[in-house]
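For reference, protein30.pdb (PDB, C-alpha atoms):
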```pdb
MODEL        1
ATOM      1  CA  GLY A   1       2.653  -2.307  16.862  1.00  0.00           C
ATOM      2  CA  GLY A   2       5.475  -3.662  19.010  1.00  0.00           C
ATOM      3  CA  ARG A   3       6.242  -3.011  22.656  1.00  0.00           C
ATOM      4  CA  ARG A   4       5.398   0.350  24.131  1.00  0.00           C
ATOM      5  CA  VAL A   5       8.023   2.613  25.592  1.00  0.00           C
ATOM      6  CA  LEU A   6       7.893   5.235  28.274  1.00  0.00           C
ATOM      7  CA  ARG A   7       8.471   8.773  27.007  1.00  0.00           C
ATOM      8  CA  GLY A   8       8.226  11.840  29.196  1.00  0.00           C
ATOM      9  CA  GLY A   9       6.289   9.980  31.856  1.00  0.00           C
ATOM     10  CA  ARG A  10       3.677   8.841  29.340  1.00  0.00           C
ATOM     11  CA  ILE A  11       3.200   5.542  27.591  1.00  0.00           C
ATOM     12  CA  SER A  12       3.685   6.031  23.858  1.00  0.00           C
ATOM     13  CA  SER A  13       2.366   3.831  21.063  1.00  0.00           C
ATOM     14  CA  TYR A  14       5.751   4.054  19.371  1.00  0.00           C
ATOM     15  CA  SER A  15       7.500   0.711  19.098  1.00  0.00           C
ATOM     16  CA  VAL A  16      11.060   0.347  20.325  1.00  0.00           C
ATOM     17  CA  PHE A  17      12.194   0.602  16.709  1.00  0.00           C
ATOM     18  CA  ASP A  18      10.229   3.853  16.214  1.00  0.00           C
ATOM     19  CA  PHE A  19      11.855   5.251  19.348  1.00  0.00           C
ATOM     20  CA  PHE A  20      15.328   4.235  18.152  1.00  0.00           C
ATOM     21  CA  LEU A  21      14.794   5.828  14.744  1.00  0.00           C
ATOM     22  CA  ARG A  22      13.566   9.117  16.151  1.00  0.00           C
ATOM     23  CA  ARG A  23      16.367   9.408  18.696  1.00  0.00           C
ATOM     24  CA  VAL A  24      19.432   7.983  16.950  1.00  0.00           C
ATOM     25  CA  MET A  25      19.228   7.620  13.189  1.00  0.00           C
ATOM     26  CA  LYS A  26      18.754  10.104  10.401  1.00  0.00           C
ATOM     27  CA  LYS A  27      15.100  10.884   9.914  1.00  0.00           C
ATOM     28  CA  THR A  28      15.041  10.285   6.178  1.00  0.00           C
ATOM     29  CA  VAL A  29      12.790   7.442   5.083  1.00  0.00           C
ATOM     30  CA  LEU A  30      12.121   5.872   1.701  1.00  0.00           C
ATOM     31  CA  LEU A  31       8.389   5.333   1.332  1.00  0.00           C
ATOM     32  CA  HIS A  32       7.595   2.691  -1.243  1.00  0.00           C
ATOM     33  CA  SER A  33       4.303   4.001  -2.589  1.00  0.00           C
ATOM     34  CA  CYS A  34       1.704   1.832  -4.280  1.00  0.00           C
ATOM     35  CA  CYS A  35      -0.590   4.799  -5.021  1.00  0.00           C
ATOM     36  CA  ALA A  36      -1.563   8.263  -3.826  1.00  0.00           C
ATOM     37  CA  PRO A  37      -4.669   7.187  -1.848  1.00  0.00           C
ATOM     38  CA  CYS A  38      -2.649   4.721   0.244  1.00  0.00           C
ATOM     39  CA  SER A  39       0.297   7.108   0.678  1.00  0.00           C
ATOM     40  CA  ALA A  40      -1.337  10.451   1.468  1.00  0.00           C
ATOM     41  CA  ALA A  41      -2.033   9.934   5.184  1.00  0.00           C
ATOM     42  CA  ILE A  42       1.380   8.337   5.708  1.00  0.00           C
ATOM     43  CA  LEU A  43       3.117  11.286   4.041  1.00  0.00           C
ATOM     44  CA  GLU A  44       1.116  13.732   6.127  1.00  0.00           C
ATOM     45  CA  TRP A  45       2.071  11.886   9.310  1.00  0.00           C
ATOM     46  CA  LEU A  46       5.749  11.680   8.368  1.00  0.00           C
ATOM     47  CA  LEU A  47       5.981  15.370   7.504  1.00  0.00           C
ATOM     48  CA  SER A  48       4.180  16.412  10.684  1.00  0.00           C
ATOM     49  CA  ASN A  49       6.519  14.243  12.778  1.00  0.00           C
ATOM     50  CA  ASP A  50       9.770  15.724  11.439  1.00  0.00           C
ATOM     51  CA  TRP A  51      10.575  12.996   8.968  1.00  0.00           C
ATOM     52  CA  GLU A  52      11.907  13.671   5.487  1.00  0.00           C
ATOM     53  CA  PRO A  53      10.158  11.185   3.205  1.00  0.00           C
ATOM     54  CA  VAL A  54      11.406  10.257  -0.232  1.00  0.00           C
ATOM     55  CA  ILE A  55       8.778   8.484  -2.338  1.00  0.00           C
ATOM     56  CA  PHE A  56       9.711   5.499  -4.452  1.00  0.00           C
ATOM     57  CA  TYR A  57       7.012   4.586  -6.951  1.00  0.00           C
ATOM     58  CA  TYR A  58       7.688   1.058  -8.132  1.00  0.00           C
ATOM     59  CA  ASN A  59       4.700  -1.058  -9.066  1.00  0.00           C
ATOM     60  CA  PRO A  60       5.316  -3.221 -12.138  1.00  0.00           C
ATOM     61  CA  ASN A  61       2.383  -5.388 -11.068  1.00  0.00           C
ATOM     62  CA  ILE A  62      -0.126  -2.785 -12.238  1.00  0.00           C
ATOM     63  CA  PHE A  63      -2.021  -3.699 -15.394  1.00  0.00           C
ATOM     64  CA  PRO A  64      -2.740  -2.450 -17.988  1.00  0.00           C
ATOM     65  CA  ASP A  65      -0.161   0.256 -18.724  1.00  0.00           C
ATOM     66  CA  ALA A  66      -2.894   2.922 -18.941  1.00  0.00           C
ATOM     67  CA  GLU A  67      -3.887   2.106 -15.348  1.00  0.00           C
ATOM     68  CA  TYR A  68      -0.235   2.333 -14.327  1.00  0.00           C
ATOM     69  CA  GLU A  69       0.089   5.798 -15.871  1.00  0.00           C
ATOM     70  CA  VAL A  70      -3.035   7.076 -14.112  1.00  0.00           C
ATOM     71  CA  ARG A  71      -1.745   5.964 -10.709  1.00  0.00           C
ATOM     72  CA  LYS A  72       1.801   7.192 -11.388  1.00  0.00           C
ATOM     73  CA  ASN A  73       0.644  10.609 -12.570  1.00  0.00           C
ATOM     74  CA  GLU A  74      -1.498  11.005  -9.475  1.00  0.00           C
ATOM     75  CA  ILE A  75       1.308  10.288  -6.990  1.00  0.00           C
ATOM     76  CA  ASN A  76       3.670  12.523  -9.007  1.00  0.00           C
ATOM     77  CA  ALA A  77       1.186  15.397  -8.814  1.00  0.00           C
ATOM     78  CA  TYR A  78       0.641  14.878  -5.092  1.00  0.00           C
ATOM     79  CA  ALA A  79       4.381  14.713  -4.403  1.00  0.00           C
ATOM     80  CA  ALA A  80       4.817  17.998  -6.275  1.00  0.00           C
ATOM     81  CA  LYS A  81       2.016  19.545  -4.216  1.00  0.00           C
ATOM     82  CA  LEU A  82       3.747  18.512  -0.980  1.00  0.00           C
ATOM     83  CA  GLY A  83       7.243  19.364  -2.203  1.00  0.00           C
ATOM     84  CA  VAL A  84       8.377  15.787  -1.588  1.00  0.00           C
ATOM     85  CA  ARG A  85      11.028  14.153  -3.754  1.00  0.00           C
ATOM     86  CA  ILE A  86       9.849  11.173  -5.770  1.00  0.00           C
ATOM     87  CA  ILE A  87      11.858   8.459  -7.531  1.00  0.00           C
ATOM     88  CA  ASP A  88      10.106   6.799 -10.450  1.00  0.00           C
ATOM     89  CA  GLY A  89      10.821   3.095 -10.883  1.00  0.00           C
ATOM     90  CA  ASP A  90      10.458   1.293 -14.198  1.00  0.00           C
ATOM     91  CA  TRP A  91       7.256  -0.451 -15.264  1.00  0.00           C
ATOM     92  CA  ASN A  92       8.720  -3.867 -16.015  1.00  0.00           C
ATOM     93  CA  HIS A  93       5.553  -5.912 -16.111  1.00  0.00           C
ATOM     94  CA  GLY A  94       7.281  -8.775 -17.894  1.00  0.00           C
ATOM     95  CA  GLY A  95       9.814  -9.086 -15.085  1.00  0.00           C
ATOM     96  CA  TRP A  96       7.020  -9.053 -12.541  1.00  0.00           C
ATOM     97  CA  ARG A  97       5.170 -11.811 -14.423  1.00  0.00           C
ATOM     98  CA  GLU A  98       8.316 -13.922 -14.250  1.00  0.00           C
ATOM     99  CA  ALA A  99       8.487 -13.332 -10.486  1.00  0.00           C
ATOM    100  CA  VAL A 100       4.968 -14.698 -10.010  1.00  0.00           C
ATOM    101  CA  ARG A 101       5.201 -17.468 -12.617  1.00  0.00           C
ATOM    102  CA  GLY A 102       3.400 -20.604 -11.443  1.00  0.00           C
ATOM    103  CA  LEU A 103       1.270 -18.615  -9.003  1.00  0.00           C
ATOM    104  CA  GLU A 104      -1.227 -17.237 -11.506  1.00  0.00           C
ATOM    105  CA  HIS A 105      -4.107 -19.262 -10.072  1.00  0.00           C
ATOM    106  CA  GLU A 106      -3.405 -18.465  -6.440  1.00  0.00           C
ATOM    107  CA  PRO A 107      -6.225 -16.591  -4.693  1.00  0.00           C
ATOM    108  CA  GLU A 108      -5.934 -12.948  -3.776  1.00  0.00           C
ATOM    109  CA  ARG A 109      -3.928 -12.461  -0.549  1.00  0.00           C
ATOM    110  CA  GLY A 110      -2.228 -15.808  -1.196  1.00  0.00           C
ATOM    111  CA  ALA A 111       1.256 -16.903  -2.271  1.00  0.00           C
ATOM    112  CA  ARG A 112       1.263 -14.761  -5.413  1.00  0.00           C
ATOM    113  CA  CYS A 113       0.801 -11.608  -3.362  1.00  0.00           C
ATOM    114  CA  LEU A 114       3.738 -12.487  -1.128  1.00  0.00           C
ATOM    115  CA  ALA A 115       5.942 -13.042  -4.193  1.00  0.00           C
ATOM    116  CA  CYS A 116       4.733  -9.713  -5.578  1.00  0.00           C
ATOM    117  CA  PHE A 117       5.583  -7.846  -2.372  1.00  0.00           C
ATOM    118  CA  ARG A 118       9.021  -9.427  -2.257  1.00  0.00           C
ATOM    119  CA  TYR A 119       9.742  -8.419  -5.832  1.00  0.00           C
ATOM    120  CA  ARG A 120       8.732  -4.783  -5.302  1.00  0.00           C
ATOM    121  CA  LEU A 121      10.251  -4.317  -1.856  1.00  0.00           C
ATOM    122  CA  LEU A 122      13.556  -5.894  -2.839  1.00  0.00           C
ATOM    123  CA  GLU A 123      13.915  -3.186  -5.489  1.00  0.00           C
ATOM    124  CA  ALA A 124      12.873  -0.575  -2.919  1.00  0.00           C
ATOM    125  CA  ALA A 125      15.549  -1.838  -0.525  1.00  0.00           C
ATOM    126  CA  ARG A 126      18.138  -1.632  -3.318  1.00  0.00           C
ATOM    127  CA  VAL A 127      17.169   1.965  -4.071  1.00  0.00           C
ATOM    128  CA  ALA A 128      17.303   2.893  -0.375  1.00  0.00           C
ATOM    129  CA  HIS A 129      20.781   1.372  -0.214  1.00  0.00           C
ATOM    130  CA  GLU A 130      21.990   3.226  -3.320  1.00  0.00           C
ATOM    131  CA  GLN A 131      20.468   6.512  -2.155  1.00  0.00           C
ATOM    132  CA  GLY A 132      21.964   6.210   1.325  1.00  0.00           C
ATOM    133  CA  ILE A 133      18.524   6.199   2.942  1.00  0.00           C
ATOM    134  CA  PRO A 134      18.688   4.033   6.081  1.00  0.00           C
ATOM    135  CA  VAL A 135      14.977   3.340   6.551  1.00  0.00           C
ATOM    136  CA  LEU A 136      12.391   1.761   4.253  1.00  0.00           C
ATOM    137  CA  THR A 137       8.653   1.551   4.775  1.00  0.00           C
ATOM    138  CA  THR A 138       5.724   0.919   2.449  1.00  0.00           C
ATOM    139  CA  SER A 139       2.203   2.115   1.848  1.00  0.00           C
ATOM    140  CA  LEU A 140       1.276  -1.515   1.233  1.00  0.00           C
ATOM    141  CA  ALA A 141       0.843  -1.665   5.013  1.00  0.00           C
ATOM    142  CA  SER A 142      -2.035   0.811   4.774  1.00  0.00           C
ATOM    143  CA  SER A 143      -4.083  -0.943   2.118  1.00  0.00           C
ATOM    144  CA  ARG A 144      -7.247  -2.863   2.889  1.00  0.00           C
ATOM    145  CA  TRP A 145      -6.393  -5.222   0.022  1.00  0.00           C
ATOM    146  CA  LYS A 146      -3.184  -6.475   1.668  1.00  0.00           C
ATOM    147  CA  ARG A 147      -2.295  -8.948   4.408  1.00  0.00           C
ATOM    148  CA  LEU A 148      -0.046  -7.154   6.870  1.00  0.00           C
ATOM    149  CA  ASP A 149       1.836 -10.321   7.790  1.00  0.00           C
ATOM    150  CA  GLN A 150       2.827 -10.763   4.150  1.00  0.00           C
ATOM    151  CA  VAL A 151       3.939  -7.129   3.856  1.00  0.00           C
ATOM    152  CA  SER A 152       6.012  -7.511   7.019  1.00  0.00           C
ATOM    153  CA  GLU A 153       7.596 -10.769   5.856  1.00  0.00           C
ATOM    154  CA  ALA A 154       8.438  -9.334   2.436  1.00  0.00           C
ATOM    155  CA  GLY A 155       9.894  -6.128   3.866  1.00  0.00           C
ATOM    156  CA  ARG A 156      12.105  -7.913   6.351  1.00  0.00           C
ATOM    157  CA  TRP A 157      13.273 -10.325   3.654  1.00  0.00           C
ATOM    158  CA  ALA A 158      14.060  -7.461   1.264  1.00  0.00           C
ATOM    159  CA  VAL A 159      16.275  -5.515   3.674  1.00  0.00           C
ATOM    160  CA  SER A 160      18.109  -8.703   4.681  1.00  0.00           C
ATOM    161  CA  HIS A 161      19.971  -8.229   1.379  1.00  0.00           C
ATOM    162  CA  TYR A 162      21.120  -4.727   2.397  1.00  0.00           C
ATOM    163  CA  PRO A 163      22.492  -4.546   5.972  1.00  0.00           C
ATOM    164  CA  ASP A 164      22.565  -0.734   5.900  1.00  0.00           C
ATOM    165  CA  VAL A 165      18.776  -0.512   5.417  1.00  0.00           C
ATOM    166  CA  GLU A 166      16.180  -1.132   8.127  1.00  0.00           C
ATOM    167  CA  PHE A 167      12.560  -2.015   7.387  1.00  0.00           C
ATOM    168  CA  TRP A 168      10.100   0.100   9.359  1.00  0.00           C
ATOM    169  CA  ASP A 169       7.483  -2.542  10.019  1.00  0.00           C
ATOM    170  CA  ARG A 170       4.528  -0.369  10.927  1.00  0.00           C
ATOM    171  CA  ASN A 171       0.782  -0.838  10.570  1.00  0.00           C
ATOM    172  CA  TRP A 172      -0.092   2.370   8.742  1.00  0.00           C
ATOM    173  CA  ARG A 173      -3.820   1.792   9.219  1.00  0.00           C
ATOM    174  CA  LYS A 174      -3.706   2.515  12.954  1.00  0.00           C
ATOM    175  CA  GLY A 175      -3.535   5.740  14.922  1.00  0.00           C
ATOM    176  CA  GLY A 176      -6.404   7.324  12.988  1.00  0.00           C
ATOM    177  CA  LEU A 177      -4.576   7.001   9.677  1.00  0.00           C
ATOM    178  CA  GLN A 178      -7.257   4.832   8.073  1.00  0.00           C
ATOM    179  CA  GLU A 179      -9.853   7.518   8.760  1.00  0.00           C
ATOM    180  CA  ARG A 180      -7.478  10.253   7.624  1.00  0.00           C
ATOM    181  CA  ARG A 181      -6.836   8.290   4.433  1.00  0.00           C
ATOM    182  CA  GLY A 182     -10.525   8.487   3.565  1.00  0.00           C
ATOM    183  CA  ALA A 183     -10.641  12.208   4.297  1.00  0.00           C
ATOM    184  CA  LEU A 184      -7.624  12.923   2.104  1.00  0.00           C
ATOM    185  CA  ILE A 185      -9.082  10.885  -0.746  1.00  0.00           C
ATOM    186  CA  ARG A 186     -12.166  13.092  -0.644  1.00  0.00           C
ATOM    187  CA  GLU A 187     -10.231  16.342  -0.180  1.00  0.00           C
ATOM    188  CA  ASN A 188      -7.907  15.667  -3.097  1.00  0.00           C
ATOM    189  CA  HIS A 189     -10.454  13.912  -5.313  1.00  0.00           C
ATOM    190  CA  PHE A 190      -8.089  10.999  -5.745  1.00  0.00           C
ATOM    191  CA  TYR A 191      -8.840   8.231  -8.167  1.00  0.00           C
ATOM    192  CA  ASN A 192      -9.566   5.481  -5.662  1.00  0.00           C
ATOM    193  CA  GLN A 193      -9.111   2.236  -7.576  1.00  0.00           C
ATOM    194  CA  LEU A 194     -11.203  -0.796  -6.722  1.00  0.00           C
ATOM    195  CA  TYR A 195      -8.569  -3.465  -7.349  1.00  0.00           C
ATOM    196  CA  CYS A 196      -4.973  -3.934  -6.244  1.00  0.00           C
ATOM    197  CA  GLY A 197      -3.480  -3.465  -9.679  1.00  0.00           C
ATOM    198  CA  CYS A 198      -2.524  -6.703 -11.415  1.00  0.00           C
ATOM    199  CA  GLU A 199      -4.574  -8.559 -14.010  1.00  0.00           C
ATOM    200  CA  PHE A 200      -5.307 -11.296 -11.481  1.00  0.00           C
ATOM    201  CA  SER A 201      -6.822  -8.903  -8.958  1.00  0.00           C
ATOM    202  CA  MET A 202      -8.755  -7.302 -11.818  1.00  0.00           C
ATOM    203  CA  ALA A 203     -10.304 -10.683 -12.593  1.00  0.00           C
ATOM    204  CA  ALA A 204     -11.220 -11.109  -8.927  1.00  0.00           C
ATOM    205  CA  LEU A 205     -12.855  -7.667  -8.991  1.00  0.00           C
ATOM    206  CA  LYS A 206     -14.961  -8.660 -11.987  1.00  0.00           C
ATOM    207  CA  GLU A 207     -16.076 -11.779 -10.138  1.00  0.00           C
ATOM    208  CA  ARG A 208     -17.015  -9.693  -7.078  1.00  0.00           C
ATOM    209  CA  ARG A 209     -18.903  -7.245  -9.243  1.00  0.00           C
ATOM    210  CA  GLY A 210     -20.726 -10.131 -10.903  1.00  0.00           C
ATOM    211  CA  ARG A 211     -21.838 -11.466  -7.533  1.00  0.00           C
ATOM    212  CA  GLN A 212     -22.805  -7.986  -6.378  1.00  0.00           C
ATOM    213  CA  SER A 213     -24.835  -7.504  -9.549  1.00  0.00           C
ATOM    214  CA  GLU A 214     -26.696 -10.739  -8.921  1.00  0.00           C
ATOM    215  CA  GLU A 215     -27.384  -9.646  -5.348  1.00  0.00           C
ATOM    216  CA  ALA A 216     -28.479  -6.222  -6.565  1.00  0.00           C
ATOM    217  CA  ARG A 217     -30.897  -7.776  -9.050  1.00  0.00           C
ATOM    218  CA  ALA A 218     -32.321 -10.011  -6.326  1.00  0.00           C
ATOM    219  CA  ASP A 219     -32.736  -7.024  -4.008  1.00  0.00           C
ATOM    220  CA  GLU A 220     -34.448  -5.054  -6.772  1.00  0.00           C
ATOM    221  CA  ALA A 221     -36.832  -7.928  -7.508  1.00  0.00           C
ATOM    222  CA  ALA A 222     -37.700  -8.224  -3.811  1.00  0.00           C
ATOM    223  CA  ALA A 223     -38.288  -4.480  -3.574  1.00  0.00           C
ATOM    224  CA  ARG A 224     -40.570  -4.535  -6.605  1.00  0.00           C
ATOM    225  CA  GLN A 225     -42.531  -7.399  -5.099  1.00  0.00           C
ATOM    226  CA  ARG A 226     -42.963  -5.523  -1.822  1.00  0.00           C
ATOM    227  CA  ALA A 227     -44.118  -2.436  -3.704  1.00  0.00           C
ATOM    228  CA  ALA A 228     -46.670  -4.442  -5.724  1.00  0.00           C
ATOM    229  CA  CYS A 229     -47.978  -6.240  -2.656  1.00  0.00           C
ATOM    230  CA  PRO A 230     -47.256  -4.397   0.613  1.00  0.00           C
ATOM    231  CA  ALA A 231     -49.261  -6.951   2.576  1.00  0.00           C
ATOM    232  CA  CYS A 232     -47.055  -9.759   1.285  1.00  0.00           C
ATOM    233  CA  GLY A 233     -43.953  -8.642   3.195  1.00  0.00           C
ATOM    234  CA  ASP A 234     -42.692  -9.702   6.610  1.00  0.00           C
ATOM    235  CA  GLY A 235     -44.059 -13.201   6.238  1.00  0.00           C
ATOM    236  CA  ALA A 236     -47.645 -12.004   6.004  1.00  0.00           C
TER
ENDMDL
END
```

Mind turning the file's structure into structure tokens?
Amino acid sequence: GGRRVLRGGRISSYSVFDFFLRRVMKKTVLLHSCCAPCSAAILEWLLSNDWEPVIFYYNPNIFPDAEYEVRKNEINAYAAKLGVRIIDGDWNHGGWREAVRGLEHEPERGARCLACFRYRLLEAARVAHEQGIPVLTTSLASSRWKRLDQVSEAGRWAVSHYPDVEFWDRNWRKGGLQERRGALIRENHFYNQLYCGCEFSMAALKERRGRQSEEARADEAAARQRAACPACGDGA
């Protein structure tokens, strides 16, 4: 996203901020990671473009704790495979619940999600500041479950508390990364979860599955009817 800049006589898709980072600042970046599936293509891109990523896994929204451990173990294993440093944040689900108090009944991709992103990215900005890492970005901007405008707003708000940290506001779905994400999920046999992580998104998933089941039963009934009476189809 952002304006394009001229590089070597060619128009590049890098934003002005991308160009500034690559030419002036240190090329170390803290990648707030929500999970391995959403992070893999970003990590591959960063490593192939001379960046030194440091992963920060901080997702106290994930519920239950067994689900959290599965996702954490997977990103730890993938980081070890790549030889990338990873920082493990605490699973403080109680603190996260306080951060979203009063928003429990908000719909997915609503105000609760923005509060969630702020809570997680503020901690990521603090860690970047303490580690002396000048750039923060997040795999939240690659997920199909997230609103990019909310991720952007939360990231910019988080780094406003730490003047020495810049938020790399990039759409990590573009540039072929969404397709590469799918390929890496298959190649690495990642556990590709079907809900964002919190108990509220889990409830929404159950509702979706319920609707899908009803649709599936209706489709099956229609198929059985067509099989029993082929001449009855197509309005005959």

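With distances taken over all atoms listed in the file, A:Asn61 is the one residue among A:Ser201, A:Asn61, A:Asn171, A:Asn73 lying closest to A:Gly94.
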
Q | Computed interatomic separation between atom CA of A:Thr138 and atom CA of A:Trp51 (Å) | A |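 Computing it gives 14.6 Å between the two atoms.
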
Q) Got a sec to resolve the PyMOL selection byres ((chain A and resi 72) around 9) on this structure and send the residues as an MDAnalysis selection string? A) chainID A and resid 34:36 57 67:71 73:77 88

Pull C-alpha atoms from the residues just selected and write them as a PDB file, in the coordinates of the input.
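And here is the file that came out, out24.pdb:
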```pdb
ATOM      1  CA  CYS A  34       1.704   1.832  -4.280  1.00  0.00           C
ATOM      2  CA  CYS A  35      -0.590   4.799  -5.021  1.00  0.00           C
ATOM      3  CA  ALA A  36      -1.563   8.263  -3.826  1.00  0.00           C
ATOM      4  CA  TYR A  57       7.012   4.586  -6.951  1.00  0.00           C
ATOM      5  CA  GLU A  67      -3.887   2.106 -15.348  1.00  0.00           C
ATOM      6  CA  TYR A  68      -0.235   2.333 -14.327  1.00  0.00           C
ATOM      7  CA  GLU A  69       0.089   5.798 -15.871  1.00  0.00           C
ATOM      8  CA  VAL A  70      -3.035   7.076 -14.112  1.00  0.00           C
ATOM      9  CA  ARG A  71      -1.745   5.964 -10.709  1.00  0.00           C
ATOM     10  CA  ASN A  73       0.644  10.609 -12.570  1.00  0.00           C
ATOM     11  CA  GLU A  74      -1.498  11.005  -9.475  1.00  0.00           C
ATOM     12  CA  ILE A  75       1.308  10.288  -6.990  1.00  0.00           C
ATOM     13  CA  ASN A  76       3.670  12.523  -9.007  1.00  0.00           C
ATOM     14  CA  ALA A  77       1.186  15.397  -8.814  1.00  0.00           C
ATOM     15  CA  ASP A  88      10.106   6.799 -10.450  1.00  0.00           C
TER      16      ASP A  88
END
```

(Q) Please determine, counting all atoms listed in the file, which residue among A:Ile42, A:Ala80, A:Val54, A:Ala66 has the shortest atom-to-atom distance to A:Leu136. (A) A:Val54

Q.
So, with all atoms listed in the file as the atoms that count, which of A:Gln178, A:Ala99, A:Trp172, A:His105 lies closest to A:Leu46?
A. A:Trp172

Distance cut-off 9 Å, centre (16.1, -1.3, 4.6) in file coordinates, counting all atoms listed in the file: which residues qualify? Return them as a CSV table (one decimal) with C-alpha atoms, in the frame of the given file.
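Saved to point-v3.csv:
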```csv
chain,number,residue,atom,x,y,z
A,30,LEU,CA,12.1,5.9,1.7
A,124,ALA,CA,12.9,-0.6,-2.9
A,125,ALA,CA,15.5,-1.8,-0.5
A,126,ARG,CA,18.1,-1.6,-3.3
A,128,ALA,CA,17.3,2.9,-0.4
A,129,HIS,CA,20.8,1.4,-0.2
A,133,ILE,CA,18.5,6.2,2.9
A,134,PRO,CA,18.7,4.0,6.1
A,135,VAL,CA,15.0,3.3,6.6
A,136,LEU,CA,12.4,1.8,4.3
A,137,THR,CA,8.7,1.6,4.8
A,155,GLY,CA,9.9,-6.1,3.9
A,156,ARG,CA,12.1,-7.9,6.4
A,158,ALA,CA,14.1,-7.5,1.3
A,159,VAL,CA,16.3,-5.5,3.7
A,160,SER,CA,18.1,-8.7,4.7
A,161,HIS,CA,20.0,-8.2,1.4
A,162,TYR,CA,21.1,-4.7,2.4
A,163,PRO,CA,22.5,-4.5,6.0
A,164,ASP,CA,22.6,-0.7,5.9
A,165,VAL,CA,18.8,-0.5,5.4
A,166,GLU,CA,16.2,-1.1,8.1
A,167,PHE,CA,12.6,-2.0,7.4
A,168,TRP,CA,10.1,0.1,9.4
```

Q | Proximity to A:Glu52 - best of A:Arg181, A:Val29, A:Ile86, A:Arg118, all atoms listed in the file | A | A:Val29

Q: Could you tell me which of A:Met202, A:Pro37, A:Leu140, A:Ala154 comes closest to A:Pro107 if we count all atoms listed in the file?
A: A:Met202

Box time for stretch 116-129 of chain A: axis-aligned, enclosing all its listed atoms, 5 Å extra on each side; report centre and edge lengths in Å to one decimal, as AutoDock Vina command-line options.
```
--center_x 12.8 --center_y -3.4 --center_z -3.0 --size_x 26.0 --size_y 22.6 --size_z 15.6
```

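Each of A:Ser39, A:Gln150, A:Asn188, A:Ser33 was compared to A:Cys113 using only C-alpha atoms, and A:Gln150 turns out to be the nearest.
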
**Q.** Contacts of A:Val151 at 8 Å (all atoms listed in the file; same-chain gap of 4+ positions) as an MDAnalysis selection string
**A.** chainID A and resid 114 117 140:141 146:147 155

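By only C-alpha atoms, and with residues fewer than 4 positions from A:Phe200 along its chain excluded, the set lying at most 12 Å from it is Asn61, Ile62, Phe63, Pro64, Arg97, Val100, Leu103, Glu104, His105, Glu106, Pro107, Glu108, Arg109, Gly110, Arg112, Cys113, Cys116, Tyr195, Cys196, Ala204, Leu205, Lys206 and Glu207 of chain A.
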
Q. Distance atom CA of A:Ala79-atom CA of A:Trp96, one decimal place?
A.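 That distance, rounded to one decimal, is 25.3 Å.
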
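Atom CA of A:Trp91 to atom CA of A:Gln193 spans 18.3 Å [interatomic distance, one decimal].
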